[in-house]
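*Asks:* Below are the structure tokens for one structure; questions will follow.
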Amino acid sequence: MKFNSKFMALALLLAPLASAAPTENTLPATLPATLPAMLPATLPPTVLESPVDTISNQCTPGTYHCQCEPRVKKCWVDVCNHSGRWQLSARCRDRKDGNAVFTCRNEANGVAFCI
């Protein structure tokens with residue numbers, strides 16, 4: 001009997017939350033006036049193209065490629081998307097200097113990864 005009464009008390013406590021929940025994933029008709037100030041001036045794209053286009057634009061979808069910019073410390077992994085174009089998949093840790101060992105690796109089977 002104690003279980004039923006505790007369950008009912010919990011259900012009554014949570015009932016207002018369930019009834020106030022939105023039924024659809026829609027934005028409100030009016031947004032708060034402070035919202036535009038909170039957003040960045042330009043939103044980042046959802047798909048980032050590879051930062052340096054040193055390899056061919058055409059590729060086999062689902063393959064990966066390790067890239068490192070020779071003059072800087074940055075390395076990254078690109079993935080070939082469904083359109084056959086390289087796009088950024090992962091940013092690897094920085095190298096100690098521009099001549100240091102790459103921080104990503106290419107494998108013969110089309111897989112690349114950060115190390």
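Labeling convention for the structure tokens: chains A, B, ... as they appear, residues from 1 per chain, ligands from 1 in order of appearance.
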Can you pull out the residues contacting Ala112 of chain A? Cut-off 12 Å, using only C-alpha atoms, and skip same-chain residues under 5 positions away; I want them as an MDAnalysis selection string.

*Replies:* chainID A and resid 62:67 75:80 89:92 102:107

*Asks:* Residues of the last selection are to be written out with N, CA and C atoms, as a CSV table (one decimal), in the first residue's frame.

*Replies:*
```
chain,number,residue,atom,x,y,z
A,62,GLY,N,33.4,7.5,-48.2
A,62,GLY,CA,33.7,6.7,-47.0
A,62,GLY,C,35.2,6.5,-46.7
A,63,THR,N,36.1,7.0,-47.5
A,63,THR,CA,37.5,6.9,-47.3
A,63,THR,C,38.0,8.1,-46.5
A,64,TYR,N,39.1,8.0,-45.8
A,64,TYR,CA,39.7,9.0,-45.0
A,64,TYR,C,41.1,9.3,-45.4
A,65,HIS,N,41.6,10.5,-45.1
A,65,HIS,CA,42.9,11.0,-45.5
A,65,HIS,C,43.5,11.9,-44.5
A,66,CYS,N,44.7,11.6,-44.0
A,66,CYS,CA,45.4,12.4,-43.1
A,66,CYS,C,46.1,13.6,-43.8
A,67,GLN,N,45.9,14.8,-43.3
A,67,GLN,CA,46.5,16.0,-43.9
A,67,GLN,C,47.3,16.8,-42.9
A,75,CYS,N,47.4,19.4,-38.0
A,75,CYS,CA,47.1,18.2,-38.8
A,75,CYS,C,45.6,17.9,-38.6
A,76,TRP,N,45.0,17.3,-39.6
A,76,TRP,CA,43.6,16.9,-39.5
A,76,TRP,C,43.3,15.7,-40.4
A,77,VAL,N,42.1,15.2,-40.2
A,77,VAL,CA,41.7,14.0,-41.0
A,77,VAL,C,40.5,14.5,-41.8
A,78,ASP,N,40.5,14.2,-43.1
A,78,ASP,CA,39.4,14.5,-44.0
A,78,ASP,C,38.7,13.2,-44.3
A,79,VAL,N,37.4,13.3,-44.5
A,79,VAL,CA,36.5,12.1,-44.9
A,79,VAL,C,35.9,12.5,-46.3
A,80,CYS,N,35.8,11.5,-47.1
A,80,CYS,CA,35.2,11.7,-48.4
A,80,CYS,C,33.6,11.5,-48.2
A,89,SER,N,36.9,15.9,-41.0
A,89,SER,CA,36.3,14.9,-40.1
A,89,SER,C,36.8,15.1,-38.7
A,90,ALA,N,38.1,15.4,-38.5
A,90,ALA,CA,38.7,15.6,-37.2
A,90,ALA,C,39.9,16.5,-37.2
A,91,ARG,N,40.1,17.2,-36.2
A,91,ARG,CA,41.3,18.0,-36.0
A,91,ARG,C,42.2,17.3,-35.0
A,92,CYS,N,43.4,17.1,-35.4
A,92,CYS,CA,44.4,16.3,-34.5
A,92,CYS,C,45.1,17.3,-33.7
A,102,PHE,N,54.0,14.0,-38.3
A,102,PHE,CA,52.6,14.2,-38.4
A,102,PHE,C,51.9,13.6,-37.1
A,103,THR,N,50.8,14.3,-36.8
A,103,THR,CA,49.9,13.8,-35.7
A,103,THR,C,48.7,13.0,-36.2
A,104,CYS,N,48.8,12.6,-37.4
A,104,CYS,CA,47.7,11.7,-37.9
A,104,CYS,C,48.4,10.7,-38.9
A,105,ARG,N,47.8,9.6,-39.2
A,105,ARG,CA,48.4,8.6,-40.0
A,105,ARG,C,47.4,8.0,-41.0
A,106,ASN,N,47.9,7.7,-42.2
A,106,ASN,CA,47.1,7.1,-43.3
A,106,ASN,C,47.4,5.6,-43.3
A,107,GLU,N,46.4,4.8,-43.4
A,107,GLU,CA,46.5,3.3,-43.6
A,107,GLU,C,46.2,3.0,-45.0
```

*Asks:* What is the atom CA of Gln58 of chain A-atom CA of Leu88 of chain A distance in Å, reported with one decimal?

*Replies:*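 Atom-to-atom, atom CA of Gln58 of chain A to atom CA of Leu88 of chain A, that is 14.6 Å.
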
*Asks:* Can you list, as a list in words, every protein, DNA or RNA residue that comes within 10 Å of Asp97 of chain A when you count only C-alpha atoms, leaving out same-chain residues fewer than 5 positions away?

*Replies:*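 Selected residues are Pro70, Arg71, Val72, Lys73, Lys74 and Phe102 of chain A.
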